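Engineer: Starting off with a structure, shown below.
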4 protein chains.
Amino acid sequence: MTNTLLISCPDQVGLIHSITSVLRAKSLNIVNNFEHVDSESAWFFMRTQFTGGACGKELLDELSGALPSPASVRLASAAPKNIVILAGKEPHCVGDLLVRHCNGELNANIKAVISNHSDLKQLVARFGIPFHHIPVESDDRGAHEAKLLDVIIPLRVKYLILAKYMRILTPDFANTFPDQILNIHHSFLPAFIGASPYKQAYARGVKVIGATAHFVNERLDDGPIIAQSVLPVTHSHTVKSMTQDGREIEKIVLARALKLLLDDRVFVHGNRTIIFE
Amino acid sequence: MTNTLLISCPDQVGLIHSITSVLRAKSLNIVNNFEHVDSESAWFFMRTQFTGGACGKELLDELSGALPSPASVRLASAAPKNIVILAGKEPHCVGDLLVRHCNGELNANIKAVISNHSDLKQLVARFGIPFHHIPVESDDRGAHEAKLLDVIIPLRVKYLILAKYMRILTPDFANTFPDQILNIHHSFLPAFIGASPYKQAYARGVKVIGATAHFVNERLDDGPIIAQSVLPVTHSHTVKSMTQDGREIEKIVLARALKLLLDDRVFVHGNRTIIFE
Amino acid sequence: MTNTLLISCPDQVGLIHSITSVLRAKSLNIVNNFEHVDSESAWFFMRTQFTGGACGKELLDELSGALPSPASVRLASAAPKNIVILAGKEPHCVGDLLVRHCNGELNANIKAVISNHSDLKQLVARFGIPFHHIPVESDDRGAHEAKLLDVIIPLRVKYLILAKYMRILTPDFANTFPDQILNIHHSFLPAFIGASPYKQAYARGVKVIGATAHFVNERLDDGPIIAQSVLPVTHSHTVKSMTQDGREIEKIVLARALKLLLDDRVFVHGNRTIIFE
Amino acid sequence: MTNTLLISCPDQVGLIHSITSVLRAKSLNIVNNFEHVDSESAWFFMRTQFTGGACGKELLDELSGALPSPASVRLASAAPKNIVILAGKEPHCVGDLLVRHCNGELNANIKAVISNHSDLKQLVARFGIPFHHIPVESDDRGAHEAKLLDVIIPLRVKYLILAKYMRILTPDFANTFPDQILNIHHSFLPAFIGASPYKQAYARGVKVIGATAHFVNERLDDGPIIAQSVLPVTHSHTVKSMTQDGREIEKIVLARALKLLLDDRVFVHGNRTIIFE
């Protein structure tokens with residue numbers, strides 16, 4: 001069995017040696033190892049996969065003891081993670097995730113799909129996943145989000161996936177799930193923040209359009225970016241055909257980012273991500 | 001000999017037929033043909049290459065007469081176009097254009113390279129191209145630009161190429177050369193307008209960086225875009241390595257856009273470009 | 001209503017004029033037009049979309065009469081096309097097509113999925129599409145294909161889609177559906193023809209892997225190519241991870257090629273395709 | 001000052017710990033570290049950059065002593081490496097390398113350019129680099145190569161760069177410079193091995209063309225691949241325009257591979273490369 005260890009701490013001389021000393025003393029065999037030092041903040045990051053023994057609290061304590069403070073030492077669980085998908089009317093991202101899940105590509109349990117519209121009810125039902133239609137009934141965002149939380153909280157989710165969920169979340173909601181809400185934005189951020197990015201892209205006459213998967217924080221479209229990709233467009237693209245073609249990269253970028261999260265490859269450091277792959 | 005005809009006019013039924021009727025009556029043979037209708041503005045664009053006879057004023061008049069007003073009917077000259085390069089300190093774009101020119105890749109005469117710094121003097125000299133060092137001696141932009149114009153105007157240039165020229169041009173200067181100034185901006189516009197885009201990109205934690213070749217108009221970094229390209233970056237990129245890697249796409253995008261201009265493949269329509277290739 | 005006209009014939013002077021004359025006389029309005037001349041064979045191709053009237057046999061006859069022989073003049077039907085998917089054990093391409101179909105992205109009716117394995121039965125059932133398990137019971141390819149034909153023929157299909165169908169079809173079968181069988185091959189052909197392309201790619205130590213969508217003819221992996229795409233790989237890729245990552249482009253390339261076929265954008269000319277998009 | 005250590009040896013438990021122990025004991029600080037285990041052959045690779053002290057023979061001996069046999073422990077020199085370029089008639093790759101060298105982008109001294117044609121003489125002269133025209137005067141490859149060696153050997157080169165050198169080298173010549181000859185082949189190998197790859201690509205009707213930078217060994221176009229890239233093409237490409245557009249990626253891929261070599265990022269392992277970047 002392969003264990004995955006995620007470590008971050010202030011940088012100093014000899015960190016790799018200190019960490020591997022602890023592993024070596026227990027005859028654990030590193031099969032895979034990534035390090036990074038953020039030179040601006042002098043911070044060290046390491047993701048190590050090893051075999052040869054169990055990884056218990058004792059190991060974590062020994063590692064913490066060997067590292068400068070404040071250190072984060074975390075063992076990633078190999079078990080499937082619980083996720084909930086928030087969606088709107090558009091089926092492409094949700095459909096893509098459902099079929100990947102169904103095909104065994106995601107190390108996750110999709111516990112539910114929640115939408116403020118009912119359009120995706122039948123699609124979700126095909127895969128035997130619970131669908132919750134929670135319509136927006138007033139301008140009171142907090143009231144709507146309270147209903148979302150009534151569904152989400154009992155499901156003990158690791159990640160919330162916004163799969164073209166077109167409503168802006170309140171800072172309170174965002175802060176309830178720090179580094180746990182994954183959104184797909186249909187532009188190469190920071191270009192075209194906010195509503196109707198394809199309309200904005202068309203108006204500006206760009207020759208590439210893009211998609212960005214990022215964590216949601218309390219500022220709109222401003223959280224740490226996990227994955228981005230782009231697609232060339234020409235003068236023959238309309239807003240409609242940009243929207244259609246853009247869906248192809250939206251679902252790819254969202255699925256790629258989710259896979260990175262599920263494989264425990266992502267560290268968040270300030271507004272940046274360190275991704276070991 | 002192949003002639004290139006560039007036509008734009010209000011859209012209406014039968015335009016292709018009207019145009020090809022004129023060509024057919026003169027036994028001209030279309031070897032290559034592109035059309036586009038901008039549906040928002042109902043405007044028609046056509047680029048036609050034909051053989052079989054000379055293309056004189058008479059043909060242009062006949063075509064204009066056959067088209068709804070206001071029509072633009074233009075014959076592109078196959079002769080090399082005069083261009084002037086404006087540069088700063090960075091050699092990569094200038095060097096790339098000089099070596100392409102030297103290898104016969106550009107249908108252009110580089111008449112001069114002008115810079116506010118002297119760093120590129122020797123590089124330019126290697127290729128036997130006149131180099132003009134016009135330093136910035138005061139805050140008076142107009143005064144500096146007047147000196148640029150003293151060099152540029154007598155050279156009767158078709159295009160000015162800003163090859164990492166790091167000064168902002170005045171609206172007056174920009175308006176002197178409408179749709180004739182080609183700039184390379186080191187970001188995928190409209191992201192990271194203005195100074196130090198790689199610093200901005202690093203701070204935002206993006207996973208792609210880009211470059212944009214665009215016409216210069218009176219608003220900074222806001223002219224019609226001709227070509228864009230991007231490059232993936234990771235957490236291991238610093239501002240310095242982004243800058244280095246970014247140079248690779250800056251020079252490619254600039255050269256691609258310049259080639260499109262020299263081949264008469266670009267129409268400007270409002271703030272958008274129609275590019276037939 | 002928009003009609004799509006597909007024309008090919010020997011090239012000669014005045015073809016566009018001849019064709020547009022016929023359309024103009026009927027007050028039909030061209031909204032979209034692509035031409036290509038294959039200079040090697042002096043063959044002309046045109047795809048025209050027009051509005052303003054019905055397109056009946058009379059129009060086709062007039063056009064044929066106006067063109068040099070042998071001319072092909074075809075009106076593409078806007079109705080959904082019948083397709084059948086042939087699959088093996090792998091679910092990713094089939095699942096992707098099913099969810100696209102379900103979301104209304106494909107102008108097609110998936111009449112059936114046929115497989116020599118039963119693995120995909122449940123996946124297909126989720127979408128309410130008939131699934132036919134036709135196992136391989138002997139070495140007699142003809143006998144197996146006869147059973148396939150028993151299912152396929154009554155369905156009056158326009159295209160057969162081989163979505164990771166891992167069996168080689170006989171020349172007889174291939175010739176029964178000329179330019180109608182679309183296959184996805186998991187390499188950038190002509191590299192790695194035949195079995196286990198990812199094993200071959202790993203062994204050769206390539207830095208890109210690819211996928212190719214092509215028409216099937218009587219020679220293995222040698223039919224006209226419609227779409228190709230590639231993905232970078234590194235030394236850290238194993239055959240297994242190449243296979244996993246490769247699936248991402250297999251399904252994209254297959255879906256892209258299928259969409260081109262369904263939109264009547266593909267001409268076949270010898271072993272090459274002309275694709276107007 | 002940063003030192004670069006390159007280690008490869010049979011894999012076993014505790015290697016990273018053993019290596020970092022030696023570095024730690026000398027108070028050397030790892031600033032950058034990459035590891036890879038080739039699981040097929042159970043071979044370990046590591047590239048470590050450290051600061052904090054000199055790296056002498058003593059350190060290398062200690063490291064070798066700490067590793068299982070046969071181990072390769074190598075210190076990369078930070079000094080510019082001597083290279084010689086072999087060229088034919090085409091200027092684009094040579095010109096690109098010369099201007100990069102001139103701009104200080106390459107950590108290398110270009111000691112000479114050798115060609116069997118005289119076409120590039122003036123281009124090379126612009127950069128003040130010695131140009132040797134060694135024409136092919138008979139079918140005797142060995143005799144021609146002997147003349148090449150007369151120029152190359154005294155220059156004590158680290159790498160020979162074949163920048164569109166269109167002659168096949170003898171196995172003897174190739175074996176004289178193991179893992180030291182870098183070639184650019186104008187296709188995505190293993191597709192289109194041998195002569196006229198763009199003609200082959202055109203005839204096959206591919207939708208992508210490519211370029212491959214690889215080490216030259218005794219079998220034609222079969223050495224370990226360092227870098228590959230591709231470019232989309234359409235039906236409108238002729239052999240000529242494929243050749244022109246292909247040059248854009250040929251020079252990029254060659255320059256990228258050369259930079260990887262000059263930065264000591266490439267390990268060769270059988271017919272594969274491990275590249276740490």
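Ligands are numbered from 1 in the order shown, chains are lettered A, B, ... in the order of the structure tokens, and residues start at 1 in each chain.
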Enumerate the residues of region 62-178 of chain D with a DSSP assignment of strand (DSSP E), computed from the backbone, and present them as a PDB file with C-alpha atoms, in the first residue's frame.

Structural biologist:
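Written file, out_24.pdb:
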ATOM      1  CA  SER D  72      27.293   7.546 -11.777  1.00  0.00           C
ATOM      2  CA  VAL D  73      28.013  10.691  -9.782  1.00  0.00           C
ATOM      3  CA  ARG D  74      28.764  13.745 -11.842  1.00  0.00           C
ATOM      4  CA  LEU D  75      29.245  17.408 -11.149  1.00  0.00           C
ATOM      5  CA  ALA D  76      27.985  19.637 -13.943  1.00  0.00           C
ATOM      6  CA  LYS D  81      30.036  24.433 -23.068  1.00  0.00           C
ATOM      7  CA  ASN D  82      31.772  24.280 -26.430  1.00  0.00           C
ATOM      8  CA  ILE D  83      29.471  23.375 -29.287  1.00  0.00           C
ATOM      9  CA  VAL D  84      29.816  23.037 -33.057  1.00  0.00           C
ATOM     10  CA  ILE D  85      26.905  23.389 -35.451  1.00  0.00           C
ATOM     11  CA  LEU D  86      26.609  21.208 -38.558  1.00  0.00           C
ATOM     12  CA  ALA D  87      24.321  22.696 -41.156  1.00  0.00           C
ATOM     13  CA  ALA D 108      27.659  27.875 -24.746  1.00  0.00           C
ATOM     14  CA  ASN D 109      30.473  28.907 -27.024  1.00  0.00           C
ATOM     15  CA  ILE D 110      29.647  28.252 -30.660  1.00  0.00           C
ATOM     16  CA  LYS D 111      33.132  27.327 -31.837  1.00  0.00           C
ATOM     17  CA  ALA D 112      32.278  26.844 -35.499  1.00  0.00           C
ATOM     18  CA  VAL D 113      29.582  26.221 -38.055  1.00  0.00           C
ATOM     19  CA  ILE D 114      30.395  23.519 -40.604  1.00  0.00           C
ATOM     20  CA  SER D 115      28.369  22.923 -43.749  1.00  0.00           C
ATOM     21  CA  PHE D 131      32.426  28.979 -40.964  1.00  0.00           C
ATOM     22  CA  HIS D 132      33.864  25.860 -42.579  1.00  0.00           C
ATOM     23  CA  HIS D 133      32.610  24.820 -45.975  1.00  0.00           C
ATOM     24  CA  TYR D 159      27.921  18.798 -28.184  1.00  0.00           C
ATOM     25  CA  LEU D 160      27.549  18.660 -31.956  1.00  0.00           C
ATOM     26  CA  ILE D 161      24.321  20.280 -33.121  1.00  0.00           C
ATOM     27  CA  LEU D 162      22.848  19.080 -36.413  1.00  0.00           C
ATOM     28  CA  ALA D 163      20.802  22.124 -37.435  1.00  0.00           C
TER      29      ALA D 163
END

Engineer: Counting only C-alpha atoms, a student should be able to say which residues of chain C come within 6 Å of chain D; what is the right answer, written as a VMD selection string?

Structural biologist: chain C and resid 190 to 191 205 207 228 235 272 274

Engineer: Write out as number ranges by chain all residues of region 100-194 of chain D that DSSP puts in helix (DSSP H, G or I) for this structure's backbone.

Structural biologist: D: 100-102, 121-126, 141-155, 171-176

Engineer: Find the residues around region 239-252 of chain A up to 7 Å (only C-alpha atoms counted), leave out those fewer than 6 positions away in its own chain, and share them as a ChimeraX atom specification.

Structural biologist: /A:92-93,96,184,186,198-199,202,210-211,229

Engineer: At a cut-off of 12 Å, using only C-alpha atoms, what residues contact Leu149 (chain B)? Leave out same-chain residues fewer than 3 positions from it and give the result as a tab-separated table (two decimals) with N, CA and C atoms, in the first residue's frame.

Structural biologist:
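Printed below is out-v5.tsv as written:
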chain	number	residue	atom	x	y	z
B	84	VAL	N	9.60	49.95	-40.16
B	84	VAL	CA	10.59	50.44	-39.21
B	84	VAL	C	10.31	49.77	-37.87
B	86	LEU	N	10.68	49.79	-33.81
B	86	LEU	CA	11.00	50.56	-32.60
B	86	LEU	C	11.30	49.57	-31.48
B	114	ILE	N	14.93	51.87	-34.52
B	114	ILE	CA	15.06	53.05	-33.66
B	114	ILE	C	14.89	52.61	-32.22
B	132	HIS	N	19.11	53.91	-35.16
B	132	HIS	CA	19.00	55.27	-34.66
B	132	HIS	C	18.77	55.26	-33.16
B	134	ILE	N	17.71	57.26	-30.22
B	134	ILE	CA	17.05	58.53	-29.89
B	134	ILE	C	16.66	58.48	-28.42
B	142	GLY	N	5.92	64.49	-26.55
B	142	GLY	CA	5.77	65.04	-27.90
B	142	GLY	C	7.12	65.36	-28.53
B	143	ALA	N	8.01	65.92	-27.73
B	143	ALA	CA	9.33	66.30	-28.25
B	143	ALA	C	10.10	65.06	-28.70
B	144	HIS	N	10.00	63.99	-27.89
B	144	HIS	CA	10.69	62.75	-28.25
B	144	HIS	C	10.09	62.14	-29.52
B	145	GLU	N	8.79	62.14	-29.56
B	145	GLU	CA	8.12	61.56	-30.74
B	145	GLU	C	8.40	62.36	-32.00
B	146	ALA	N	8.58	63.66	-31.83
B	146	ALA	CA	8.91	64.49	-33.01
B	146	ALA	C	10.23	64.02	-33.63
B	152	ILE	N	11.26	58.57	-39.17
B	152	ILE	CA	10.27	57.66	-39.77
B	152	ILE	C	9.66	58.22	-41.06
B	153	ILE	N	9.23	59.46	-41.00
B	153	ILE	CA	8.45	60.03	-42.12
B	153	ILE	C	9.17	59.88	-43.47
B	154	PRO	N	10.46	60.27	-43.55
B	154	PRO	CA	11.12	60.17	-44.86
B	154	PRO	C	11.24	58.74	-45.38
B	155	LEU	N	11.06	57.77	-44.51
B	155	LEU	CA	11.26	56.38	-44.93
B	155	LEU	C	10.01	55.78	-45.58
B	156	ARG	N	8.92	56.55	-45.55
B	156	ARG	CA	7.69	56.12	-46.22
B	156	ARG	C	7.31	54.70	-45.84
B	157	VAL	N	7.09	54.49	-44.54
B	157	VAL	CA	6.85	53.14	-44.04
B	157	VAL	C	5.38	52.76	-44.13
B	160	LEU	N	4.88	50.32	-38.62
B	160	LEU	CA	5.83	50.50	-37.51
B	160	LEU	C	5.69	49.31	-36.59
B	172	ASP	N	-1.75	61.31	-30.26
B	172	ASP	CA	-1.40	61.98	-31.52
B	172	ASP	C	-0.52	61.10	-32.40
B	173	PHE	N	0.49	60.54	-31.79
B	173	PHE	CA	1.39	59.68	-32.56
B	173	PHE	C	0.62	58.48	-33.10
B	174	ALA	N	-0.16	57.84	-32.23
B	174	ALA	CA	-0.92	56.65	-32.64
B	174	ALA	C	-1.85	56.99	-33.80
B	176	THR	N	-1.48	59.17	-36.03
B	176	THR	CA	-0.73	59.47	-37.26
B	176	THR	C	-0.59	58.22	-38.12
B	177	PHE	N	-0.62	57.06	-37.46
B	177	PHE	CA	-0.43	55.79	-38.18
B	177	PHE	C	-1.58	54.82	-37.87

Engineer: For CA of Leu60 (chain B) and CA of Ser41 (chain B), determine how far apart the two atoms are, in Å to one decimal place.

Structural biologist: 24.2 Å

Engineer: Which of these residues is nearest to Tyr165 (chain B), using only C-alpha atoms: B:Asn116, B:Ser138, B:Ser196, B:Ser187?

Structural biologist: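 Counting only C-alpha atoms, the residue closest to Tyr165 (chain B) is B:Asn116.
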
Engineer: Sorted by chain and rising residue number, list the residues of region 54-121 of chain D at most 12 Å from region 4-24 of chain D (counting only C-alpha atoms), each with its closest atom pair and distance in Å to one decimal, as a tab-separated table.

Structural biologist:
residue	atom	partner	partner_atom	distance
D:Ala54	CA	D:Thr4	CA	11.0
D:Cys55	CA	D:Leu5	CA	9.0
D:Gly56	CA	D:Leu5	CA	11.2
D:Glu58	CA	D:Val22	CA	10.8
D:Leu59	CA	D:Val22	CA	7.8
D:Leu60	CA	D:Leu5	CA	9.0
D:Asp61	CA	D:Val22	CA	10.5
D:Glu62	CA	D:Val22	CA	7.1
D:Leu63	CA	D:Ile19	CA	6.4
D:Ser64	CA	D:Ile7	CA	9.1
D:Gly65	CA	D:Ser18	CA	10.0
D:Ala66	CA	D:Ser18	CA	6.3
D:Leu67	CA	D:Leu15	CA	7.2
D:Pro68	CA	D:Pro10	CA	6.4
D:Ser69	CA	D:Cys9	CA	6.7
D:Pro70	CA	D:Cys9	CA	6.0
D:Ala71	CA	D:Cys9	CA	4.3
D:Ser72	CA	D:Ser8	CA	5.2
D:Val73	CA	D:Ile7	CA	4.6
D:Arg74	CA	D:Leu6	CA	5.0
D:Leu75	CA	D:Leu5	CA	4.8
D:Ala76	CA	D:Thr4	CA	5.4
D:Ser77	CA	D:Thr4	CA	7.6
D:Ala78	CA	D:Thr4	CA	8.0
D:Ala79	CA	D:Thr4	CA	11.7

Engineer: So the first atom is CA of Leu260 (chain C) and the second is CA of Thr48 (chain C); what is the distance between them in Å, to one decimal place?

Structural biologist: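 Rounded to one decimal, the two atoms are 15.1 Å apart.
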
Engineer: What is the distance, in Å and to one decimal place, between CA of Ala195 (chain A) and CA of Leu169 (chain A)?

Structural biologist: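 Calculated distance between CA of Ala195 (chain A) and CA of Leu169 (chain A) is 13.7 Å.
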